[in-house]
file structure33.cif (mmCIF, C-alpha atoms and all ligand atoms)
data_my_file
loop_
_atom_site.label_atom_id
_atom_site.label_comp_id
_atom_site.auth_asym_id
_atom_site.auth_seq_id
_atom_site.Cartn_x
_atom_site.Cartn_y
_atom_site.Cartn_z
CA MET A 1 -34.18 121.73 -119.31
CA VAL A 2 -36.47 122.83 -122.15
CA LYS A 3 -36.78 126.36 -123.49
CA ILE A 4 -39.62 127.30 -125.76
CA PRO A 5 -41.13 130.68 -126.64
CA LEU A 6 -44.55 131.32 -125.11
CA TYR A 7 -47.21 133.46 -126.82
CA LEU A 8 -50.31 135.04 -125.37
CA ALA A 9 -53.10 134.23 -127.86
CA PRO A 10 -55.14 137.07 -129.31
CA LEU A 11 -58.46 137.09 -127.42
CA ALA A 12 -60.88 139.79 -128.59
CA GLY A 13 -62.27 141.63 -125.59
CA TYR A 14 -59.51 140.43 -123.24
CA THR A 15 -55.95 140.81 -124.49
CA ASP A 16 -55.78 144.58 -124.40
CA ARG A 17 -52.70 146.57 -123.42
CA ALA A 18 -53.38 146.12 -119.69
CA PHE A 19 -53.67 142.35 -119.82
CA ARG A 20 -50.75 142.03 -122.21
CA ASN A 21 -48.55 144.07 -119.87
CA LEU A 22 -49.63 141.92 -116.96
CA CYS A 23 -48.68 138.77 -118.85
CA LYS A 24 -45.34 140.40 -119.65
CA ASP A 25 -44.80 140.84 -115.91
CA TRP A 26 -45.31 137.08 -115.62
CA GLY A 27 -42.82 136.12 -118.31
CA VAL A 28 -44.73 135.75 -121.59
CA ASP A 29 -42.37 136.08 -124.57
CA TYR A 30 -44.60 137.19 -127.45
CA LEU A 31 -47.73 139.32 -127.44
CA VAL A 32 -50.39 139.82 -130.11
CA SER A 33 -53.08 142.48 -130.37
CA GLU A 34 -56.78 141.69 -130.40
CA MET A 35 -57.89 141.22 -134.00
CA VAL A 36 -58.20 144.42 -136.00
CA SER A 37 -60.40 144.78 -139.09
CA ALA A 38 -58.40 145.61 -142.23
CA ASP A 39 -61.42 147.47 -143.62
CA GLY A 40 -61.70 149.48 -140.39
CA LEU A 41 -58.01 150.28 -140.48
CA ILE A 42 -58.28 151.67 -144.00
CA ARG A 43 -61.59 153.50 -143.50
CA ASP A 44 -61.07 155.04 -140.07
CA LYS A 45 -57.62 154.48 -138.63
CA ALA A 46 -58.35 156.61 -135.55
CA LYS A 47 -61.05 154.14 -134.44
CA THR A 48 -58.71 151.16 -134.47
CA VAL A 49 -55.68 152.87 -132.91
CA ASP A 50 -56.62 151.75 -129.40
CA PHE A 51 -56.48 148.13 -130.54
CA ILE A 52 -53.05 148.57 -132.13
CA CYS A 53 -51.11 150.75 -129.68
CA PHE A 54 -48.71 149.03 -127.38
CA ASP A 55 -45.96 149.80 -124.88
CA GLU A 56 -42.31 149.36 -125.85
CA ARG A 57 -41.91 146.79 -123.06
CA GLU A 58 -44.46 144.56 -124.82
CA ARG A 59 -42.02 143.78 -127.61
CA PRO A 60 -41.83 141.43 -129.42
CA TYR A 61 -45.41 142.43 -130.29
CA GLY A 62 -47.55 141.62 -133.31
CA VAL A 63 -50.78 143.05 -134.69
CA GLN A 64 -53.41 140.64 -135.96
CA ILE A 65 -55.57 141.71 -138.89
CA PHE A 66 -58.61 140.12 -140.48
CA GLY A 67 -60.30 140.70 -143.80
CA SER A 68 -61.03 139.04 -147.12
CA ASP A 69 -59.76 141.38 -149.83
CA PRO A 70 -56.05 141.02 -150.69
CA ALA A 71 -55.60 144.70 -151.67
CA THR A 72 -57.33 145.92 -148.50
CA MET A 73 -55.25 143.57 -146.36
CA ALA A 74 -52.05 144.83 -148.03
CA GLY A 75 -53.19 148.43 -147.47
CA ALA A 76 -53.89 147.65 -143.82
CA ALA A 77 -50.44 146.09 -143.43
CA GLU A 78 -48.85 149.16 -145.03
CA SER A 79 -50.69 151.41 -142.63
CA LEU A 80 -49.67 149.23 -139.66
CA LEU A 81 -45.98 149.60 -140.44
CA SER A 82 -46.02 153.14 -139.03
CA PHE A 83 -46.76 151.62 -135.60
CA LYS A 84 -43.59 149.55 -135.91
CA PRO A 85 -44.92 146.17 -134.70
CA ASP A 86 -42.48 143.25 -134.63
CA PHE A 87 -44.71 141.06 -136.79
CA ILE A 88 -48.11 140.96 -138.47
CA ASP A 89 -50.47 138.03 -138.05
CA ILE A 90 -53.37 137.22 -140.35
CA ASN A 91 -56.48 135.77 -138.75
CA MET A 92 -57.74 132.78 -140.74
CA GLY A 93 -59.26 130.97 -137.77
CA CYS A 94 -62.04 133.15 -136.40
CA PRO A 95 -65.35 131.22 -136.47
CA VAL A 96 -67.57 134.17 -135.46
CA LYS A 97 -70.54 134.73 -137.81
CA LYS A 98 -70.02 138.42 -138.47
CA VAL A 99 -66.42 137.71 -139.56
CA ILE A 100 -67.00 134.60 -141.68
CA LYS A 101 -70.01 136.02 -143.48
CA ARG A 102 -67.62 138.59 -144.96
CA GLY A 103 -65.37 135.79 -146.21
CA ALA A 104 -62.75 136.56 -143.53
CA GLY A 105 -61.38 134.56 -140.56
CA SER A 106 -61.86 130.81 -140.92
CA ALA A 107 -64.02 131.26 -144.04
CA LEU A 108 -60.68 131.65 -145.82
CA MET A 109 -59.96 127.98 -145.17
CA GLN A 110 -62.78 127.25 -147.62
CA ASN A 111 -61.24 129.60 -150.14
CA PRO A 112 -57.53 128.71 -150.17
CA GLU A 113 -56.98 130.61 -153.40
CA ASN A 114 -58.04 133.88 -151.82
CA ALA A 115 -56.15 133.04 -148.61
CA SER A 116 -53.02 132.57 -150.70
CA ALA A 117 -53.62 135.84 -152.56
CA ILE A 118 -53.97 137.64 -149.20
CA VAL A 119 -50.69 136.23 -147.88
CA LYS A 120 -48.89 137.17 -151.11
CA ALA A 121 -50.33 140.70 -151.04
CA VAL A 122 -49.46 141.31 -147.37
CA LYS A 123 -46.04 139.72 -147.82
CA SER A 124 -45.28 142.16 -150.64
CA VAL A 125 -45.60 144.88 -148.00
CA THR A 126 -43.85 143.20 -145.06
CA ASN A 127 -41.09 141.44 -146.99
CA GLY A 128 -37.66 142.24 -145.58
CA ILE A 129 -39.22 144.47 -142.88
CA ILE A 130 -41.10 142.25 -140.42
CA PRO A 131 -42.20 138.61 -140.38
CA LEU A 132 -45.70 137.56 -141.40
CA SER A 133 -47.62 134.80 -139.62
CA VAL A 134 -50.97 133.12 -140.25
CA LYS A 135 -53.23 131.65 -137.56
CA PHE A 136 -55.79 129.08 -138.66
CA ARG A 137 -57.83 126.02 -137.68
CA SER A 138 -57.97 122.35 -138.73
CA GLY A 139 -60.64 122.98 -141.33
CA TRP A 140 -64.26 124.00 -141.74
CA ASP A 141 -65.86 120.83 -140.35
CA SER A 142 -64.95 117.20 -139.71
CA LYS A 143 -65.57 116.39 -143.40
CA SER A 144 -63.25 119.09 -144.69
CA ILE A 145 -60.09 118.86 -142.61
CA ASN A 146 -57.51 120.69 -144.75
CA TYR A 147 -54.96 122.13 -142.30
CA LEU A 148 -52.07 120.25 -143.91
CA GLU A 149 -52.62 121.41 -147.51
CA PHE A 150 -53.67 124.83 -146.24
CA GLY A 151 -50.59 125.23 -144.02
CA LEU A 152 -48.28 124.19 -146.86
CA LEU A 153 -50.03 126.64 -149.19
CA MET A 154 -49.60 129.46 -146.66
CA GLN A 155 -45.90 128.59 -146.41
CA ASP A 156 -45.54 128.57 -150.21
CA SER A 157 -47.42 131.87 -150.43
CA GLY A 158 -44.85 133.57 -148.21
CA ALA A 159 -45.84 133.16 -144.55
CA ASP A 160 -42.80 133.18 -142.26
CA GLN A 161 -44.51 131.35 -139.40
CA LEU A 162 -47.82 129.56 -138.79
CA CYS A 163 -50.04 128.96 -135.80
CA LEU A 164 -52.54 126.09 -135.68
CA HIS A 165 -55.55 125.88 -133.34
CA PRO A 166 -56.59 122.32 -134.22
CA ARG A 167 -60.36 122.54 -134.00
CA THR A 168 -62.77 122.98 -136.90
CA THR A 169 -64.79 126.14 -137.45
CA LYS A 170 -67.98 124.19 -136.72
CA GLN A 171 -66.54 123.06 -133.39
CA MET A 172 -66.05 126.67 -132.32
CA PHE A 173 -64.58 125.92 -128.86
CA SER A 174 -66.30 122.59 -128.12
CA GLY A 175 -64.52 119.28 -127.75
CA LEU A 176 -60.76 119.10 -127.50
CA SER A 177 -58.04 120.40 -129.79
CA ASN A 178 -56.56 117.61 -131.90
CA TRP A 179 -52.86 118.04 -131.19
CA GLU A 180 -52.02 115.29 -133.69
CA HIS A 181 -52.76 117.86 -136.41
CA ILE A 182 -50.03 120.11 -134.94
CA SER A 183 -47.59 117.20 -134.96
CA ILE A 184 -48.39 116.24 -138.58
CA LEU A 185 -48.18 119.83 -139.83
CA LYS A 186 -44.93 120.44 -137.94
CA GLN A 187 -43.27 117.51 -139.70
CA ALA A 188 -44.33 118.81 -143.11
CA LEU A 189 -43.32 122.46 -142.69
CA SER A 190 -39.97 124.14 -143.10
CA ILE A 191 -41.10 127.33 -141.28
CA PRO A 192 -41.80 127.45 -137.51
CA LEU A 193 -45.17 126.30 -136.17
CA ILE A 194 -46.83 127.60 -133.01
CA GLY A 195 -49.04 125.06 -131.26
CA ASN A 196 -52.28 126.39 -129.77
CA GLY A 197 -55.33 124.95 -128.05
CA ASP A 198 -56.18 123.73 -124.56
CA VAL A 199 -52.87 124.40 -122.84
CA SER A 200 -54.17 125.09 -119.35
CA GLY A 201 -51.06 124.75 -117.21
CA PRO A 202 -47.43 123.60 -117.02
CA GLU A 203 -48.25 119.91 -117.41
CA SER A 204 -50.29 120.37 -120.57
CA ALA A 205 -47.63 122.70 -121.99
CA LEU A 206 -44.99 120.01 -121.59
CA ARG A 207 -47.37 117.44 -123.07
CA MET A 208 -48.03 119.61 -126.14
CA LEU A 209 -44.32 120.03 -126.63
CA GLN A 210 -43.63 116.31 -126.33
CA GLU A 211 -46.56 115.23 -128.50
CA THR A 212 -46.16 117.78 -131.30
CA ALA A 213 -42.55 119.08 -131.28
CA CYS A 214 -44.02 122.53 -132.01
CA ASP A 215 -41.63 125.50 -132.08
CA ALA A 216 -43.63 127.69 -129.69
CA ILE A 217 -46.76 127.44 -127.56
CA MET A 218 -49.66 129.90 -127.64
CA ILE A 219 -51.99 130.17 -124.66
CA GLY A 220 -55.34 131.92 -124.60
CA ARG A 221 -58.08 130.93 -122.17
CA GLY A 222 -55.56 129.33 -119.82
CA ALA A 223 -54.12 132.78 -119.12
CA LEU A 224 -57.44 134.49 -118.33
CA GLY A 225 -57.40 135.39 -114.65
CA ARG A 226 -54.12 133.44 -114.48
CA PRO A 227 -51.37 135.49 -116.13
CA TRP A 228 -48.82 133.71 -113.92
CA ILE A 229 -49.31 130.61 -116.11
CA PHE A 230 -46.37 131.78 -118.23
CA SER A 231 -43.82 131.83 -115.42
CA GLN A 232 -45.19 128.55 -114.05
CA ILE A 233 -44.70 126.90 -117.45
CA LYS A 234 -41.18 128.28 -117.75
CA ASP A 235 -40.25 127.04 -114.27
CA TYR A 236 -41.75 123.64 -114.96
CA LEU A 237 -39.95 123.21 -118.29
CA GLN A 238 -36.67 124.25 -116.71
CA SER A 239 -36.79 122.47 -113.37
CA ALA A 240 -39.82 120.14 -113.38
CA ALA A 241 -41.33 122.19 -110.54
CA TYR A 242 -43.37 125.37 -110.19
CA LYS A 243 -44.85 127.48 -107.42
CA LEU A 244 -48.58 127.67 -106.85
CA ILE A 245 -49.94 131.17 -106.58
CA THR A 246 -50.94 132.46 -103.12
CA LYS A 247 -54.21 134.25 -102.49
CA ARG A 248 -52.25 137.43 -101.79
CA GLU A 249 -50.50 137.21 -105.17
CA LEU A 250 -53.85 136.57 -106.84
CA LEU A 251 -55.36 139.67 -105.20
CA GLU A 252 -52.31 141.80 -106.00
CA THR A 253 -52.34 140.66 -109.63
CA ALA A 254 -56.06 141.37 -110.07
CA LEU A 255 -55.61 144.86 -108.56
CA LYS A 256 -52.59 145.51 -110.77
CA HIS A 257 -54.64 144.43 -113.79
CA MET A 258 -57.24 147.09 -112.99
CA ALA A 259 -54.54 149.71 -112.30
CA TYR A 260 -52.93 149.00 -115.69
CA ALA A 261 -56.32 149.27 -117.39
CA LEU A 262 -56.96 152.65 -115.79
CA GLU A 263 -53.70 153.93 -117.27
CA ASN A 264 -55.11 153.90 -120.81
CA LYS A 265 -58.89 153.54 -120.68
CA ARG A 266 -61.74 155.62 -119.27
CA GLU A 267 -62.89 154.48 -115.84
CA ASP A 268 -66.44 153.58 -116.97
CA ILE A 269 -64.97 151.32 -119.67
CA VAL A 270 -62.56 149.73 -117.19
CA VAL A 271 -65.38 149.10 -114.71
CA ARG A 272 -67.40 147.37 -117.42
CA GLU A 273 -64.49 145.34 -118.79
CA MET A 274 -63.16 144.27 -115.39
CA ARG A 275 -66.46 142.48 -114.77
CA SER A 276 -65.55 139.81 -117.30
CA GLN A 277 -61.81 139.85 -116.52
CA LEU A 278 -62.26 139.51 -112.75
CA CYS A 279 -64.65 136.57 -112.88
CA HIS A 280 -61.74 134.53 -114.24
CA TYR A 281 -59.57 135.44 -111.22
CA ILE A 282 -62.19 134.43 -108.67
CA LYS A 283 -63.66 131.41 -110.50
CA GLY A 284 -63.98 128.43 -108.19
CA LEU A 285 -63.30 130.32 -104.96
CA PRO A 286 -65.95 130.02 -102.22
CA GLY A 287 -68.32 133.00 -102.47
CA SER A 288 -67.21 133.91 -106.01
CA ALA A 289 -70.78 133.95 -107.41
CA GLU A 290 -71.84 136.57 -104.85
CA LEU A 291 -68.69 138.63 -105.48
CA ARG A 292 -69.28 138.49 -109.23
CA ASN A 293 -72.79 139.76 -108.75
CA THR A 294 -71.56 142.56 -106.47
CA ILE A 295 -68.86 143.59 -108.95
CA ASN A 296 -71.44 143.64 -111.76
CA HIS A 297 -73.22 146.44 -109.91
CA CYS A 298 -70.12 148.54 -109.13
CA THR A 299 -69.85 151.91 -110.82
CA SER A 300 -66.27 152.87 -109.90
CA ALA A 301 -62.87 151.22 -109.81
CA GLU A 302 -62.50 152.17 -106.14
CA GLU A 303 -65.71 150.29 -105.35
CA ILE A 304 -64.43 147.18 -107.13
CA ARG A 305 -61.11 147.48 -105.31
CA GLY A 306 -62.92 147.69 -101.95
CA HIS A 307 -64.96 144.56 -102.66
CA LEU A 308 -61.89 142.61 -103.78
CA LEU A 309 -59.93 143.63 -100.67
CA ALA A 310 -62.85 142.64 -98.43
CA PHE A 311 -63.30 139.32 -100.25
CA PHE A 312 -59.65 138.38 -99.86
CA ALA A 313 -59.21 139.91 -96.38
CA GLU A 314 -59.83 136.58 -94.72
CA GLY A 315 -57.27 133.87 -95.22
CA ILE A 316 -54.45 135.98 -96.70
C1 LIG B 1 -62.97 135.24 -126.05
C2 LIG B 1 -62.09 134.80 -127.17
C3 LIG B 1 -61.63 135.70 -128.10
C4 LIG B 1 -60.80 135.30 -129.15
N1 LIG B 1 -60.33 136.23 -130.04
C5 LIG B 1 -59.47 135.85 -131.02
C6 LIG B 1 -58.90 136.80 -131.90
O1 LIG B 1 -59.15 138.01 -131.83
N2 LIG B 1 -58.04 136.32 -132.87
C7 LIG B 1 -57.72 134.99 -132.99
O2 LIG B 1 -56.93 134.61 -133.86
N3 LIG B 1 -58.23 134.08 -132.14
C8 LIG B 1 -59.08 134.48 -131.16
N4 LIG B 1 -59.55 133.55 -130.28
C9 LIG B 1 -59.02 132.17 -130.35
C10 LIG B 1 -57.76 132.06 -129.46
O3 LIG B 1 -56.72 132.90 -129.90
C11 LIG B 1 -57.24 130.61 -129.40
O4 LIG B 1 -56.91 130.19 -130.70
C12 LIG B 1 -58.26 129.64 -128.82
O5 LIG B 1 -58.89 130.19 -127.68
C13 LIG B 1 -57.60 128.30 -128.46
O6 LIG B 1 -56.55 128.49 -127.55
P1 LIG B 1 -56.74 128.27 -125.95
O7 LIG B 1 -57.29 126.89 -125.75
O8 LIG B 1 -55.36 128.44 -125.39
O9 LIG B 1 -57.71 129.31 -125.48
C14 LIG B 1 -60.42 133.93 -129.26
C15 LIG B 1 -60.87 133.02 -128.31
C16 LIG B 1 -61.70 133.43 -127.28
C17 LIG B 1 -62.16 132.40 -126.27
#
call {"tool": "encode", "arguments": {"input": "structure33.cif", "output": "structure tokens"}}
result
Amino acid sequence: MVKIPLYLAPLAGYTDRAFRNLCKDWGVDYLVSEMVSADGLIRDKAKTVDFICFDERERPYGVQIFGSDPATMAGAAESLLSFKPDFIDINMGCPVKKVIKRGAGSALMQNPENASAIVKAVKSVTNGIIPLSVKFRSGWDSKSINYLEFGLLMQDSGADQLCLHPRTTKQMFSGLSNWEHISILKQALSIPLIGNGDVSGPESALRMLQETACDAIMIGRGALGRPWIFSQIKDYLQSAAYKLITKRELLETALKHMAYALENKREDIVVREMRSQLCHYIKGLPGSAELRNTINHCTSAEEIRGHLLAFFAEGI
């Protein structure tokens, strides 16, 4: 029997309060907010509140911030403390243009000195209050793989935990994660390391654990439209077996997802956002392309609900 903490990865545009709560229902241990701009947090806190707020049942819950200026990042961390998160995570892995052109996200892997200054500045705020983690990649491109030196520098700068998604910035999401990097970094660190990248089910979770000896596993895309992945992994690690989801459970979970979303977002926003969330639930099912198209034209949650019920009516 193996027990290991499972994290839901921060996924901008997906891991909002509704989806996080749903994953909690299915046994995830740790939750993280979507990334929040430190500049935004300082300039207009009200605008970022929706990204930060969480339900008590989501604990342990962390807020992820991104930015490039140590003083601004420390100010953002200070301001976050009033929300009482259980940890703060610094994003040093985002490869998106509008983030890296500001010297934030994975651009920090090319500027270790500034990355270190950021960790020290944020740590001066969180020290003795809540843990600080850093999430990063293997390096900028295949010629500048620096995760090992970078991870050790983050540890020395004061990070309490690290998370490695072992792809380069240039790779974005192409190719496969190089889990060997997780294994090598794990052996060198004295703080815990979360392994992330391409865990798509119970079997790959066990394989990551065996190949890397990581302290926790973080799952992102594998949970989209499949929040039950967390309980399946737990069952598999404990008893070498897990239950496949029935079509009824899939339908009930998708409907619950929308119901949770309606609890804290306006219906027009929910209708728009459920378009991308729901396509993950129905992916691969016969007739899913037509259903996706139908849902894309729905203007109310009730309409979406009706189409989902009709779609799943047969064969449940
Ligand atoms: C749509 C999308 C949004 C993401 N948003 C974030 C984010 O806000 N912060 C972050 O650190 N990583 C973000 N990531 C990266 C994931 O957290 C994760 O590191 C990556 O998807 C690899 O894990 P996976 O194979 O389990 O998905 C995002 C990835 C995707 C696909």
call {"tool": "residues_near_ligand", "arguments": {"input": "structure33.cif", "ligand": "ligand LIG 1 (chain B)", "cutoff": "9 Å", "atoms": "only C-alpha atoms and all ligand atoms", "output": "PyMOL selection string"}}
result
chain A and resi 8-15+32-36+64-66+89-95+105+134-137+163-167+173+176-177+196-200+217-224
call {"tool": "write_last_selection", "arguments": {"input": "structure33.cif", "atoms": "C-alpha atoms", "output": "PDB file, keeping the file's coordinate frame"}}
result
ATOM      1  CA  LEU A   8     -50.310 135.040-125.370  1.00  0.00           C
ATOM      2  CA  ALA A   9     -53.100 134.230-127.860  1.00  0.00           C
ATOM      3  CA  PRO A  10     -55.140 137.070-129.310  1.00  0.00           C
ATOM      4  CA  LEU A  11     -58.460 137.090-127.420  1.00  0.00           C
ATOM      5  CA  ALA A  12     -60.880 139.790-128.590  1.00  0.00           C
ATOM      6  CA  GLY A  13     -62.270 141.630-125.590  1.00  0.00           C
ATOM      7  CA  TYR A  14     -59.510 140.430-123.240  1.00  0.00           C
ATOM      8  CA  THR A  15     -55.950 140.810-124.490  1.00  0.00           C
ATOM      9  CA  VAL A  32     -50.390 139.820-130.110  1.00  0.00           C
ATOM     10  CA  SER A  33     -53.080 142.480-130.370  1.00  0.00           C
ATOM     11  CA  GLU A  34     -56.780 141.690-130.400  1.00  0.00           C
ATOM     12  CA  MET A  35     -57.890 141.220-134.000  1.00  0.00           C
ATOM     13  CA  VAL A  36     -58.200 144.420-136.000  1.00  0.00           C
ATOM     14  CA  GLN A  64     -53.410 140.640-135.960  1.00  0.00           C
ATOM     15  CA  ILE A  65     -55.570 141.710-138.890  1.00  0.00           C
ATOM     16  CA  PHE A  66     -58.610 140.120-140.480  1.00  0.00           C
ATOM     17  CA  ASP A  89     -50.470 138.030-138.050  1.00  0.00           C
ATOM     18  CA  ILE A  90     -53.370 137.220-140.350  1.00  0.00           C
ATOM     19  CA  ASN A  91     -56.480 135.770-138.750  1.00  0.00           C
ATOM     20  CA  MET A  92     -57.740 132.780-140.740  1.00  0.00           C
ATOM     21  CA  GLY A  93     -59.260 130.970-137.770  1.00  0.00           C
ATOM     22  CA  CYS A  94     -62.040 133.150-136.400  1.00  0.00           C
ATOM     23  CA  PRO A  95     -65.350 131.220-136.470  1.00  0.00           C
ATOM     24  CA  GLY A 105     -61.380 134.560-140.560  1.00  0.00           C
ATOM     25  CA  VAL A 134     -50.970 133.120-140.250  1.00  0.00           C
ATOM     26  CA  LYS A 135     -53.230 131.650-137.560  1.00  0.00           C
ATOM     27  CA  PHE A 136     -55.790 129.080-138.660  1.00  0.00           C
ATOM     28  CA  ARG A 137     -57.830 126.020-137.680  1.00  0.00           C
ATOM     29  CA  CYS A 163     -50.040 128.960-135.800  1.00  0.00           C
ATOM     30  CA  LEU A 164     -52.540 126.090-135.680  1.00  0.00           C
ATOM     31  CA  HIS A 165     -55.550 125.880-133.340  1.00  0.00           C
ATOM     32  CA  PRO A 166     -56.590 122.320-134.220  1.00  0.00           C
ATOM     33  CA  ARG A 167     -60.360 122.540-134.000  1.00  0.00           C
ATOM     34  CA  PHE A 173     -64.580 125.920-128.860  1.00  0.00           C
ATOM     35  CA  LEU A 176     -60.760 119.100-127.500  1.00  0.00           C
ATOM     36  CA  SER A 177     -58.040 120.400-129.790  1.00  0.00           C
ATOM     37  CA  ASN A 196     -52.280 126.390-129.770  1.00  0.00           C
ATOM     38  CA  GLY A 197     -55.330 124.950-128.050  1.00  0.00           C
ATOM     39  CA  ASP A 198     -56.180 123.730-124.560  1.00  0.00           C
ATOM     40  CA  VAL A 199     -52.870 124.400-122.840  1.00  0.00           C
ATOM     41  CA  SER A 200     -54.170 125.090-119.350  1.00  0.00           C
ATOM     42  CA  ILE A 217     -46.760 127.440-127.560  1.00  0.00           C
ATOM     43  CA  MET A 218     -49.660 129.900-127.640  1.00  0.00           C
ATOM     44  CA  ILE A 219     -51.990 130.170-124.660  1.00  0.00           C
ATOM     45  CA  GLY A 220     -55.340 131.920-124.600  1.00  0.00           C
ATOM     46  CA  ARG A 221     -58.080 130.930-122.170  1.00  0.00           C
ATOM     47  CA  GLY A 222     -55.560 129.330-119.820  1.00  0.00           C
ATOM     48  CA  ALA A 223     -54.120 132.780-119.120  1.00  0.00           C
ATOM     49  CA  LEU A 224     -57.440 134.490-118.330  1.00  0.00           C
TER      50      LEU A 224
END
call {"tool": "closest_residue", "arguments": {"input": "structure33.cif", "among": "A:Met109, A:Leu81, A:Val2, A:Leu22", "to": "Glu252 of chain A", "atoms": "all atoms listed in the file"}}
result
A:Leu22
call {"tool": "closest_residue", "arguments": {"input": "structure33.cif", "among": "A:Ile184, A:Asp156, A:Glu149, A:Glu302", "to": "Asp268 of chain A", "atoms": "all atoms listed in the file"}}
result
A:Glu302
call {"tool": "atom_distance", "arguments": {"input": "structure33.cif", "atom1": "atom CA of Thr48 of chain A", "atom2": "atom CA of Asn264 of chain A"}}
result
14.4 Å
call {"tool": "atom_distance", "arguments": {"input": "structure33.cif", "atom1": "atom CA of Lys84 of chain A", "atom2": "atom CA of Gln155 of chain A"}}
result
23.6 Å
call {"tool": "closest_residue", "arguments": {"input": "structure33.cif", "among": "A:Pro112, A:Gly128, A:Gly287, A:Gly158", "to": "Trp140 of chain A", "atoms": "all atoms listed in the file"}}
result
A:Pro112
call {"tool": "residues_around", "arguments": {"input": "structure33.cif", "residues": "Ala301 of chain A", "least_positions_apart": "5", "cutoff": "12 Å", "atoms": "all atoms listed in the file", "output": "list of chain:residue names"}}
result
A:Ala254, A:Leu255, A:Lys256, A:His257, A:Met258, A:Ala259, A:Tyr260, A:Ala261, A:Leu262, A:Lys265, A:Arg266, A:Glu267, A:Asp268, A:Ile269, A:Val270, A:Val271, A:Arg272, A:Glu273, A:Met274, A:Arg275, A:Ile295, A:Asn296, A:Gly306, A:His307, A:Leu308
call {"tool": "residues_around", "arguments": {"input": "structure33.cif", "residues": "Pro131 of chain A", "least_positions_apart": "6", "cutoff": "7 Å", "atoms": "all atoms listed in the file", "output": "PyMOL selection string"}}
result
chain A and resi 87-88+160
call {"tool": "write_last_selection", "arguments": {"input": "structure33.cif", "atoms": "C-alpha atoms", "output": "PDB file, keeping the file's coordinate frame"}}
result
ATOM      1  CA  PHE A  87     -44.710 141.060-136.790  1.00  0.00           C
ATOM      2  CA  ILE A  88     -48.110 140.960-138.470  1.00  0.00           C
ATOM      3  CA  ASP A 160     -42.800 133.180-142.260  1.00  0.00           C
TER       4      ASP A 160
END
call {"tool": "atom_distance", "arguments": {"input": "structure33.cif", "atom1": "atom CA of Tyr147 of chain A", "atom2": "atom CA of Met172 of chain A"}}
result
15.6 Å
call {"tool": "closest_residue", "arguments": {"input": "structure33.cif", "among": "A:Glu56, A:Asp50, A:Asp39, A:Asp16", "to": "Asp69 of chain A", "atoms": "all atoms listed in the file"}}
result
A:Asp39
call {"tool": "residues_near_point", "arguments": {"input": "structure33.cif", "point": "(-45.5, 133.3, -115.7)", "cutoff": "8 Å", "atoms": "only C-alpha atoms", "output": "list in words"}}
result
Cys23, Asp25, Trp26, Gly27, Val28, Pro227, Trp228, Ile229, Phe230, Ser231, Gln232, Ile233 and Lys234 of chain A
call {"tool": "residues_around", "arguments": {"input": "structure33.cif", "residues": "Pro192 of chain A", "least_positions_apart": "4", "cutoff": "10 Å", "atoms": "only C-alpha atoms", "output": "ChimeraX atom specification"}}
result
/A:133,155,159-163,186,214-216
